[in-house]
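Peer 1: Following this line is protein-v8.tsv, made up of TSV, C-alpha atoms:
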chain	number	residue	atom	x	y	z
W	94	MET	CA	31.17	-30.97	-13.67
W	95	VAL	CA	28.36	-30.10	-16.11
W	96	THR	CA	28.15	-26.43	-17.03
W	97	VAL	CA	25.14	-24.36	-18.08
W	98	ALA	CA	26.54	-24.23	-21.62
W	99	ALA	CA	26.77	-28.02	-21.72
W	100	GLY	CA	23.20	-28.30	-20.52
W	101	LEU	CA	22.02	-25.88	-23.21
W	102	ALA	CA	23.87	-27.85	-25.86
W	103	LYS	CA	21.63	-30.87	-25.29
W	104	PRO	CA	18.68	-31.21	-27.69
W	105	HIS	CA	16.00	-30.98	-25.00
W	106	ASN	CA	15.45	-29.16	-21.72
W	107	ALA	CA	12.70	-29.24	-19.10
W	108	PHE	CA	11.93	-25.54	-18.87
W	109	GLY	CA	8.48	-26.01	-20.41
W	110	ALA	CA	7.57	-28.64	-17.85
W	111	VAL	CA	9.15	-26.63	-15.04
W	112	ARG	CA	7.12	-23.53	-15.92
W	113	LEU	CA	3.90	-25.53	-16.03
W	114	ALA	CA	4.69	-27.16	-12.69
W	115	LEU	CA	5.37	-23.73	-11.16
W	116	ALA	CA	2.08	-22.38	-12.52
W	117	LEU	CA	0.20	-25.35	-11.06
W	118	LEU	CA	1.90	-24.77	-7.70
W	119	VAL	CA	0.54	-21.22	-7.75
W	120	VAL	CA	-2.96	-22.65	-8.23
W	121	VAL	CA	-2.41	-25.10	-5.37
W	122	SER	CA	-1.18	-22.28	-3.16
W	123	HIS	CA	-4.14	-20.02	-3.89
W	124	ALA	CA	-6.65	-22.79	-3.22
W	125	PHE	CA	-6.28	-22.04	0.48
W	126	SER	CA	-6.30	-18.24	0.57
W	127	VAL	CA	-9.19	-18.01	-1.91
W	128	THR	CA	-11.44	-19.95	0.45
W	129	THR	CA	-10.36	-18.31	3.73
W	130	GLY	CA	-9.08	-14.86	2.78
W	131	ALA	CA	-5.95	-15.45	4.86
W	132	VAL	CA	-2.71	-15.53	2.88
W	133	LEU	CA	-0.91	-17.31	5.71
W	134	ASP	CA	-3.24	-20.28	5.25
W	135	GLU	CA	-1.26	-21.17	2.12
W	136	PRO	CA	1.23	-24.07	2.28
W	137	LEU	CA	4.78	-23.33	3.46
W	138	ALA	CA	3.90	-19.84	4.74
W	139	HIS	CA	4.59	-20.65	8.39
W	140	LEU	CA	7.45	-23.06	7.68
W	141	THR	CA	9.48	-20.89	5.29
W	142	GLY	CA	8.05	-17.39	5.70
W	143	TYR	CA	6.84	-17.44	2.11
W	144	THR	CA	3.85	-19.08	0.50
W	145	LEU	CA	4.10	-21.89	-2.01
W	146	GLY	CA	2.93	-19.38	-4.61
W	147	GLU	CA	5.78	-17.00	-3.79
W	148	HIS	CA	8.32	-19.81	-4.11
W	149	ALA	CA	6.80	-20.69	-7.50
W	150	VAL	CA	6.96	-17.07	-8.67
W	151	ASN	CA	10.63	-17.05	-7.65
W	152	GLY	CA	11.15	-19.99	-9.99
W	153	PHE	CA	9.35	-18.20	-12.81
W	154	PHE	CA	11.61	-15.17	-12.53
W	155	ALA	CA	14.78	-17.27	-12.46
W	156	VAL	CA	13.77	-19.12	-15.64
W	157	SER	CA	12.60	-15.87	-17.24
W	158	GLY	CA	15.85	-14.04	-16.50
W	159	PHE	CA	17.81	-16.91	-18.00
W	160	LEU	CA	15.72	-17.41	-21.14
W	161	VAL	CA	14.99	-13.80	-22.06
W	162	THR	CA	18.66	-12.88	-21.69
W	163	MET	CA	19.40	-15.66	-24.15
W	164	SER	CA	16.64	-14.29	-26.40
W	165	LEU	CA	18.04	-10.76	-26.37
W	166	LEU	CA	21.60	-11.81	-27.09
W	167	ARG	CA	20.61	-14.22	-29.86
W	168	ARG	CA	17.82	-12.21	-31.50
W	169	GLY	CA	18.92	-8.60	-31.03
W	170	PRO	CA	16.87	-5.73	-29.52
W	171	ARG	CA	14.17	-5.39	-32.22
W	172	ASP	CA	13.25	-9.05	-32.37
W	173	TYR	CA	13.50	-9.26	-28.59
W	174	VAL	CA	10.83	-6.56	-28.22
W	175	VAL	CA	8.58	-8.29	-30.76
W	176	ALA	CA	9.01	-11.65	-29.05
W	177	ARG	CA	8.32	-10.33	-25.55
W	178	ALA	CA	5.31	-8.26	-26.60
W	179	LEU	CA	3.67	-11.13	-28.49
W	180	ARG	CA	4.28	-13.53	-25.62
W	181	ILE	CA	2.79	-11.32	-22.90
W	182	ALA	CA	0.16	-9.04	-24.45
W	183	PRO	CA	-2.22	-11.31	-26.44
W	184	GLY	CA	-2.77	-13.76	-23.60
W	185	LEU	CA	-3.26	-10.96	-21.09
W	186	VAL	CA	-5.70	-9.07	-23.31
W	187	ALA	CA	-7.71	-12.22	-24.00
W	188	ALA	CA	-7.79	-13.21	-20.31
W	189	THR	CA	-8.84	-9.72	-19.22
W	190	LEU	CA	-11.69	-9.61	-21.73
W	191	ALA	CA	-12.75	-13.20	-21.03
W	192	VAL	CA	-12.89	-12.55	-17.28
W	193	SER	CA	-14.50	-9.11	-17.38
W	194	LEU	CA	-16.98	-9.58	-20.24
W	195	GLY	CA	-17.51	-13.35	-20.08
W	196	LEU	CA	-17.06	-14.64	-16.54
W	197	GLY	CA	-18.15	-11.34	-15.02
W	198	SER	CA	-21.39	-11.35	-17.00
W	199	LEU	CA	-22.16	-14.85	-15.74
W	200	MET	CA	-21.23	-14.24	-12.11
W	201	THR	CA	-22.45	-10.69	-11.43
W	202	SER	CA	-25.39	-10.10	-9.12
W	203	LEU	CA	-26.45	-7.16	-11.31
W	204	SER	CA	-28.65	-7.37	-14.36
W	205	LEU	CA	-26.69	-7.84	-17.56
W	206	SER	CA	-27.57	-4.36	-18.84
W	207	ALA	CA	-26.56	-2.77	-15.53
W	208	TYR	CA	-23.31	-4.71	-15.50
W	209	TRP	CA	-22.28	-3.80	-19.01
W	210	SER	CA	-23.15	-0.13	-18.51
W	211	ASP	CA	-21.26	0.11	-15.22
W	212	PRO	CA	-18.05	2.14	-15.69
W	213	GLY	CA	-16.34	-0.18	-13.22
W	214	VAL	CA	-16.12	-2.87	-15.91
W	215	TRP	CA	-14.20	-0.61	-18.25
W	216	ARG	CA	-12.02	0.74	-15.46
W	217	PHE	CA	-11.16	-2.85	-14.62
W	218	ILE	CA	-10.14	-3.59	-18.22
W	219	GLN	CA	-8.09	-0.41	-18.47
W	220	GLY	CA	-6.36	-0.87	-15.11
W	221	THR	CA	-5.50	-4.51	-15.76
W	222	LEU	CA	-4.07	-3.87	-19.22
W	223	THR	CA	-2.20	-0.64	-18.50
W	224	THR	CA	-0.90	-0.99	-14.94
W	225	PHE	CA	-1.36	-4.73	-14.26
W	226	LYS	CA	-3.72	-3.86	-11.41
W	227	SER	CA	-4.63	-7.08	-9.64
W	228	ASN	CA	-6.81	-5.85	-6.78
W	229	ALA	CA	-9.60	-4.29	-8.87
W	230	ALA	CA	-13.09	-5.73	-8.51
W	231	LEU	CA	-15.89	-6.09	-11.05
W	232	PRO	CA	-19.39	-4.78	-10.22
W	233	GLY	CA	-21.38	-7.39	-8.33
W	234	VAL	CA	-18.82	-10.14	-9.01
W	235	PHE	CA	-17.46	-12.28	-6.15
W	236	SER	CA	-18.96	-9.82	-3.66
W	237	GLU	CA	-19.35	-12.58	-1.06
W	238	ASN	CA	-15.87	-14.06	-1.54
W	239	PRO	CA	-13.06	-13.25	0.93
W	240	PHE	CA	-11.23	-11.60	-1.98
W	241	ARG	CA	-13.35	-9.72	-4.52
W	242	PHE	CA	-10.78	-9.19	-7.27
W	243	PRO	CA	-10.97	-11.69	-10.17
W	244	MET	CA	-7.42	-11.50	-11.57
W	245	GLY	CA	-5.20	-11.72	-8.55
W	246	THR	CA	-1.98	-12.88	-10.22
W	247	VAL	CA	-1.37	-10.21	-12.87
W	248	TRP	CA	0.60	-7.99	-10.48
W	249	THR	CA	3.75	-10.01	-11.12
W	250	LEU	CA	3.59	-9.08	-14.81
W	251	LYS	CA	4.46	-5.51	-13.84
W	252	TYR	CA	7.75	-6.67	-12.38
W	253	GLU	CA	8.28	-9.02	-15.30
W	254	VAL	CA	7.88	-6.20	-17.83
W	255	LEU	CA	10.10	-3.87	-15.80
W	256	CYS	CA	12.80	-6.56	-15.78
W	257	TYR	CA	12.38	-6.97	-19.55
W	258	LEU	CA	12.83	-3.23	-20.02
W	259	GLY	CA	15.84	-3.11	-17.73
W	260	LEU	CA	17.46	-5.95	-19.66
W	261	LEU	CA	16.69	-4.22	-22.96
W	262	ALA	CA	18.26	-0.99	-21.69
W	263	ALA	CA	21.35	-2.93	-20.61
W	264	GLY	CA	21.58	-4.45	-24.08
W	265	LEU	CA	21.16	-1.13	-25.87
W	266	LEU	CA	23.73	0.57	-23.64
W	267	GLY	CA	26.21	-2.24	-24.22
W	268	THR	CA	26.52	-3.12	-20.54
W	269	LEU	CA	25.75	-6.79	-21.21
W	270	ARG	CA	29.14	-6.99	-22.93
W	271	ARG	CA	30.64	-6.23	-19.52
W	272	ARG	CA	29.42	-9.47	-18.02
W	273	TRP	CA	30.83	-8.74	-14.58
W	274	LEU	CA	28.23	-6.00	-14.10
W	275	CYS	CA	25.43	-8.58	-13.83
W	276	PRO	CA	26.92	-10.51	-10.86
W	277	LEU	CA	27.68	-7.11	-9.33
W	278	LEU	CA	23.99	-6.21	-9.67
W	279	VAL	CA	23.01	-9.54	-8.09
W	280	ALA	CA	25.37	-8.91	-5.19
W	281	GLY	CA	24.08	-5.36	-4.74
W	282	LEU	CA	20.45	-6.46	-4.65
W	283	ALA	CA	21.27	-9.29	-2.25
W	284	VAL	CA	23.07	-6.91	0.11
W	285	ALA	CA	20.21	-4.39	-0.13
W	286	LEU	CA	17.70	-7.13	0.71
W	287	ALA	CA	19.75	-8.28	3.69
W	288	ALA	CA	20.19	-4.69	4.89
W	289	ALA	CA	16.45	-4.07	4.60
W	290	GLY	CA	15.92	-7.10	6.81
W	291	LEU	CA	17.98	-5.47	9.58
W	292	ARG	CA	15.58	-2.56	9.98
W	293	ALA	CA	13.31	-2.47	13.00
W	294	GLY	CA	9.95	-4.12	12.50
W	295	GLU	CA	8.77	-6.29	9.65
W	296	MET	CA	10.04	-5.42	6.19
W	297	PRO	CA	7.29	-3.87	4.02
W	298	LYS	CA	6.12	-6.45	1.49
W	299	GLY	CA	6.35	-3.98	-1.36
W	300	LEU	CA	10.00	-3.21	-0.59
W	301	GLU	CA	10.87	-6.88	-0.32
W	302	THR	CA	9.14	-7.71	-3.61
W	303	SER	CA	10.83	-4.84	-5.44
W	304	LEU	CA	14.20	-6.30	-4.40
W	305	ARG	CA	13.33	-10.02	-4.50
W	306	LEU	CA	12.06	-10.36	-8.05
W	307	PRO	CA	14.78	-8.29	-9.79
W	308	LEU	CA	17.38	-10.18	-7.74
W	309	ILE	CA	16.11	-13.53	-8.96
W	310	PHE	CA	15.69	-12.32	-12.55
W	311	ALA	CA	19.25	-10.93	-12.55
W	312	THR	CA	20.52	-14.23	-11.13
W	313	GLY	CA	18.99	-16.11	-14.05
W	314	ALA	CA	20.54	-13.60	-16.46
W	315	ALA	CA	23.96	-13.99	-14.83
W	316	PHE	CA	23.88	-17.75	-15.22
W	317	PHE	CA	23.29	-17.37	-18.95
W	318	LEU	CA	26.01	-14.74	-19.34
W	319	TYR	CA	28.48	-17.07	-17.60
W	320	ALA	CA	27.08	-20.24	-19.16
W	321	GLU	CA	30.50	-21.62	-20.09
W	322	ARG	CA	31.76	-21.37	-16.52
W	323	ALA	CA	28.67	-21.74	-14.34
W	324	PRO	CA	28.38	-25.31	-12.97
W	325	LEU	CA	25.18	-27.29	-12.69
W	326	SER	CA	25.22	-29.61	-9.69
W	327	TRP	CA	22.51	-31.17	-7.57
W	328	PRO	CA	24.81	-31.26	-4.50
W	329	LEU	CA	25.40	-27.51	-4.90
W	330	ALA	CA	21.67	-26.89	-5.30
W	331	LEU	CA	20.79	-28.93	-2.21
W	332	GLY	CA	23.64	-27.35	-0.29
W	333	GLY	CA	22.36	-23.87	-1.10
W	334	LEU	CA	18.85	-24.75	0.07
W	335	GLY	CA	20.29	-26.32	3.21
W	336	LEU	CA	22.33	-23.19	3.96
W	337	ALA	CA	19.19	-21.08	3.55
W	338	ALA	CA	17.39	-23.33	6.05
W	339	LEU	CA	20.20	-22.84	8.57
W	340	LEU	CA	19.97	-19.06	8.15
W	341	HIS	CA	16.20	-18.98	8.70
W	342	GLY	CA	15.28	-16.12	11.00
W	343	THR	CA	18.31	-14.00	10.10
W	344	ALA	CA	18.65	-11.08	7.68
W	345	LEU	CA	20.69	-13.32	5.38
W	346	TYR	CA	17.89	-15.84	4.98
W	347	PRO	CA	15.89	-14.12	2.20
W	348	PRO	CA	18.76	-13.42	-0.23
W	349	VAL	CA	20.37	-16.82	0.32
W	350	LEU	CA	17.02	-18.56	-0.11
W	351	PHE	CA	16.19	-16.70	-3.32
W	352	LEU	CA	19.63	-17.32	-4.84
W	353	ALA	CA	19.42	-21.00	-3.91
W	354	GLU	CA	15.95	-21.33	-5.42
W	355	ALA	CA	17.04	-19.65	-8.64
W	356	TYR	CA	19.97	-22.04	-8.96
W	357	ALA	CA	17.86	-25.10	-8.14
W	358	VAL	CA	15.25	-24.20	-10.78
W	359	LEU	CA	17.93	-23.84	-13.45
W	360	CYS	CA	19.27	-27.26	-12.47
W	361	LEU	CA	15.77	-28.67	-12.86
W	362	GLY	CA	15.57	-27.29	-16.38
W	363	LEU	CA	18.99	-28.30	-17.64
W	364	ILE	CA	20.31	-31.48	-16.03
W	365	PRO	CA	18.99	-35.01	-15.46
W	366	PRO	CA	16.89	-36.61	-14.18
W	367	VAL	CA	14.27	-33.95	-14.95
W	368	ARG	CA	15.47	-33.04	-18.44
W	369	HIS	CA	13.89	-35.46	-20.89
W	370	PRO	CA	12.31	-35.22	-24.38
W	371	ALA	CA	8.91	-36.04	-22.88
W	372	LEU	CA	9.24	-33.00	-20.60
W	373	ASP	CA	9.79	-30.62	-23.51
W	374	PRO	CA	6.17	-30.24	-24.67
W	375	ARG	CA	5.12	-28.29	-27.73
W	376	ALA	CA	2.09	-26.78	-25.99
W	377	ASP	CA	3.06	-24.26	-23.32
W	378	LEU	CA	0.14	-24.08	-20.88
W	379	SER	CA	2.05	-22.30	-18.12
W	380	TYR	CA	1.02	-18.71	-18.95
W	381	GLY	CA	-2.65	-19.59	-19.37
W	382	THR	CA	-2.57	-21.62	-16.15
W	383	TYR	CA	-1.06	-18.68	-14.30
W	384	LEU	CA	-3.57	-16.17	-15.67
W	385	TYR	CA	-6.76	-18.22	-15.36
W	386	GLY	CA	-6.10	-20.16	-12.16
W	387	TRP	CA	-7.25	-17.38	-9.84
W	388	PRO	CA	-10.51	-16.47	-11.65
W	389	VAL	CA	-11.41	-20.15	-11.95
W	390	GLN	CA	-10.85	-20.64	-8.22
W	391	GLN	CA	-12.80	-17.50	-7.38
W	392	ALA	CA	-15.74	-18.70	-9.48
W	393	LEU	CA	-15.74	-22.17	-7.92
W	394	HIS	CA	-15.68	-20.72	-4.42
W	395	ALA	CA	-18.52	-18.33	-5.27
W	396	LEU	CA	-20.59	-21.27	-6.55
W	397	MET	CA	-19.68	-23.59	-3.65
W	398	PRO	CA	-18.82	-21.30	-0.72
W	399	THR	CA	-18.95	-24.07	1.90
W	400	ALA	CA	-16.56	-26.40	0.08
W	401	SER	CA	-13.07	-26.74	1.55
W	402	ALA	CA	-9.87	-25.82	-0.22
W	403	TRP	CA	-9.04	-29.49	-0.70
W	404	ALA	CA	-12.46	-30.21	-2.21
W	405	LEU	CA	-12.12	-27.41	-4.75
W	406	LEU	CA	-8.48	-28.04	-5.60
W	407	GLY	CA	-9.00	-30.92	-8.04
W	408	PRO	CA	-11.80	-29.27	-10.04
W	409	SER	CA	-9.90	-25.97	-10.13
W	410	LEU	CA	-6.78	-27.66	-11.55
W	411	VAL	CA	-8.77	-29.51	-14.21
W	412	LEU	CA	-10.76	-26.43	-15.28
W	413	THR	CA	-7.70	-24.20	-15.24
W	414	LEU	CA	-5.74	-26.56	-17.48
W	415	ALA	CA	-8.71	-26.81	-19.85
W	416	VAL	CA	-9.00	-23.02	-20.14
W	417	ALA	CA	-5.22	-22.73	-20.47
W	418	ALA	CA	-5.33	-25.20	-23.38
W	419	LEU	CA	-7.96	-23.04	-25.10
W	420	SER	CA	-5.83	-19.96	-24.50
W	421	TRP	CA	-2.83	-21.71	-26.04
W	422	ARG	CA	-4.75	-23.04	-29.02
W	423	PHE	CA	-6.65	-19.90	-29.96
W	424	VAL	CA	-4.58	-17.00	-28.60
W	425	GLU	CA	-1.02	-17.74	-27.59
W	426	ARG	CA	0.06	-20.13	-30.34
W	427	PRO	CA	-1.34	-17.90	-33.13
W	428	ALA	CA	0.49	-14.96	-31.54
W	429	LEU	CA	3.72	-16.93	-31.59
W	430	GLY	CA	3.03	-17.63	-35.25
W	431	TRP	CA	2.86	-13.89	-35.85
W	432	LYS	CA	6.15	-13.55	-34.00
W	433	ALA	CA	7.81	-16.07	-36.30
W	434	ARG	CA	6.46	-14.29	-39.38
W	435	LEU	CA	7.42	-10.80	-38.23
W	436	ILE	CA	10.92	-11.83	-37.20
W	437	GLY	CA	11.31	-13.88	-40.37
W	438	ARG	CA	10.33	-10.92	-42.54
W	439	ARG	CA	12.79	-8.68	-40.75
W	440	VAL	CA	15.61	-11.21	-41.18
W	441	ALA	CA	14.77	-11.58	-44.87
W	442	ALA	CA	14.71	-7.80	-45.31
W	443	ASP	CA	18.09	-7.43	-43.61
W	444	ALA	CA	19.54	-10.17	-45.80
W	445	ALA	CA	18.24	-8.44	-48.93
Output the file's structure in the form of structure tokens.
Peer 2:
Amino acid sequence: MVTVAAGLAKPHNAFGAVRLALALLVVVSHAFSVTTGAVLDEPLAHLTGYTLGEHAVNGFFAVSGFLVTMSLLRRGPRDYVVARALRIAPGLVAATLAVSLGLGSLMTSLSLSAYWSDPGVWRFIQGTLTTFKSNAALPGVFSENPFRFPMGTVWTLKYEVLCYLGLLAAGLLGTLRRRWLCPLLVAGLAVALAAAGLRAGEMPKGLETSLRLPLIFATGAAFFLYAERAPLSWPLALGGLGLAALLHGTALYPPVLFLAEAYAVLCLGLIPPVRHPALDPRADLSYGTYLYGWPVQQALHALMPTASAWALLGPSLVLTLAVAALSWRFVERPALGWKARLIGRRVAADAA
């Protein structure tokens, strides 16, 4: 049976393509709620209890937990911090400024002078960049849309950064050398999620999210830590998803589903038939697609409020990919260049 280590040893993987596909699925998912204002109008919500976008975010966190654990262990704490900061911050800063100062100026119902002098614009920038606030509105922007906020996906970055910091703390404290602690954490979070599902009434979404995303991130990390032993198998992946389907409606359904999804996404990235040199692109448009998909969809709905979700889906995907390509070319790739130079200088200094 192929192991994770054997999959990593191959010259190419499909994680770049998987991340882009997941980002595009988020855009597809939001096409429905943006036009109606009802989250449950998104695909898969009634069938699985979770929207297509939530399933895609689960995949993101599994891949992230796997790859950033590899980054920390291979680079060390200092280079890990540099790499994470330069991957997240430049794109977020550019998107926040582009949406608030660019798109907002074009879409606001206020005069341009009134818009720019409104303190709400600057509160929006500050809240987005400091606390990843995703439900803040801009003055006079999207006021007739079901949802007013223009950057509805940045909330997940808060959990992403918290997971990064937790992993960094584990590395600094030396607990990553005790590999068994990571599966123990996964088991603890899974049990906590199942126990929360036993409480009377519907589980608060905030509580579920605060357990769900760290659980999936830790699962990805555990698969890297046990790369030499962890098997990669499509029958196992399909069996896990099938077991989750059988448990639907029980307290065990959420943790089993999330663990199965994490495993399936890692299989997608590391074993055939998905892994292929053509699916290992140099340009990574996933982050830009994730950041800009929502504001593009909000703008299209504001301009064509009577158009259906299906009618706006194609244009929103095309425009989002175009903006994501600009973000990659002019913001994200240069930032990664700075990362290479900063880490290279540090390595050279240590060698000297």
Peer 1: Residues at most 9 Å from Leu304 of chain W, counting all atoms listed in the file, excluding those fewer than 4 positions away in the same chain, as a ChimeraX atom specification?
Peer 2: /W:282-283,285-286,299-300,308-309
Peer 1: Mind writing the picked residues with C-alpha atoms as a JSON list (two decimals), in the coordinates of the input?
Peer 2:
[["chain", "number", "residue", "atom", "x", "y", "z"],
["W", 282, "LEU", "CA", 20.45, -6.46, -4.65],
["W", 283, "ALA", "CA", 21.27, -9.29, -2.25],
["W", 285, "ALA", "CA", 20.21, -4.39, -0.13],
["W", 286, "LEU", "CA", 17.70, -7.13, 0.71],
["W", 299, "GLY", "CA", 6.35, -3.98, -1.36],
["W", 300, "LEU", "CA", 10.00, -3.21, -0.59],
["W", 308, "LEU", "CA", 17.38, -10.18, -7.74],
["W", 309, "ILE", "CA", 16.11, -13.53, -8.96]]
Peer 1: Point out the residue among W:Leu166, W:Leu190, W:Val174, W:Leu306 with the least atom-to-atom distance to Phe153 of chain W, counting all atoms listed in the file.
Peer 2: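 Closest to Phe153 of chain W of all the choices is W:Leu306.
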Peer 1: May I have the residues within 12 Å of Ala415 of chain W as an NGL selection string, using only C-alpha atoms and disregarding those fewer than 2 positions away in the same chain?
Peer 2: :W and (378-379 or 381-382 or 385-386 or 389 or 408-413 or 417-422)
Peer 1: Might you pull out every residue within 9 Å of Leu363 of chain W, with all atoms listed in the file counted and same-chain residues fewer than 6 positions away left off, and present them as a list in words?
Peer 2: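 Close residues of Leu363 of chain W: Val97, Ala99, Gly100, Leu101, Lys103, His105, Asn106, Ala107, Phe108 and Leu325 of chain W.
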Peer 1: Compile the contact shell of Ala289 of chain W as a ChimeraX atom specification: residues with an atom at most 12 Å away, counting all atoms listed in the file, same-chain residues fewer than 6 positions apart removed.
Peer 2: /W:282-283,295-305,343-348
Peer 1: Kindly give the distance, in Å, that separates atom CA of Val121 of chain W and atom CA of Asn228 of chain W, rounded to a single decimal.
Peer 2: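 Value for the atom CA of Val121 of chain W-atom CA of Asn228 of chain W distance: 19.8 Å.
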Peer 1: Using all atoms listed in the file, which of W:Ala131, W:Ala191, W:Leu160, W:Met94 sits nearest Pro328 of chain W?
Peer 2: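 That would be W:Met94, the residue with the smallest distance to Pro328 of chain W.
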Peer 1: Compile the contact shell of Pro239 of chain W as a PyMOL selection string: residues with an atom at most 7 Å away, counting only C-alpha atoms, same-chain residues fewer than 6 positions apart removed.
Peer 2: chain W and resi 127-130
Peer 1: Those residues you just picked out, can you put them in a file as an mmCIF file, keeping the file's coordinate frame with C-alpha atoms?
Peer 2:
data_model
loop_
_atom_site.group_PDB
_atom_site.id
_atom_site.type_symbol
_atom_site.label_atom_id
_atom_site.label_comp_id
_atom_site.auth_asym_id
_atom_site.auth_seq_id
_atom_site.Cartn_x
_atom_site.Cartn_y
_atom_site.Cartn_z
ATOM 1 C CA VAL W 127 -9.190 -18.010 -1.910
ATOM 2 C CA THR W 128 -11.440 -19.950 0.450
ATOM 3 C CA THR W 129 -10.360 -18.310 3.730
ATOM 4 C CA GLY W 130 -9.080 -14.860 2.780
#
Peer 1: To one decimal in Å, tell me the separation between atom CA of Ala102 of chain W and atom CA of Arg271 of chain W.
Peer 2: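 Between these atoms lies a distance of 23.5 Å.
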Peer 1: Go through W:Pro232, W:Gly281, W:Pro183, W:Pro276 one by one, measure the shortest atom-to-atom distance of each to Tyr380 of chain W using all atoms listed in the file, and give the residue with the smallest value.
Peer 2: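 Of W:Pro232, W:Gly281, W:Pro183, W:Pro276, the one nearest Tyr380 of chain W is W:Pro183, counting all atoms listed in the file.
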Peer 1: Would you mind reading off the distance between atom CA of Leu352 of chain W and atom CA of Ala320 of chain W, one decimal, in Å?
Peer 2: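 Result for atom CA of Leu352 of chain W versus atom CA of Ala320 of chain W: 16.4 Å, one decimal.
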Peer 1: Quick one: of W:Ala288, W:Val254, W:Leu384, W:Phe235, who's nearest to Pro398 of chain W, counting only C-alpha atoms?
Peer 2: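 Result for the nearest residue to Pro398 of chain W: W:Phe235.
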Peer 1: Using all atoms listed in the file, can you list as a count of residues only the residues within 6 Å of (30.1, -24.1, -17.4)?
Peer 2: 8
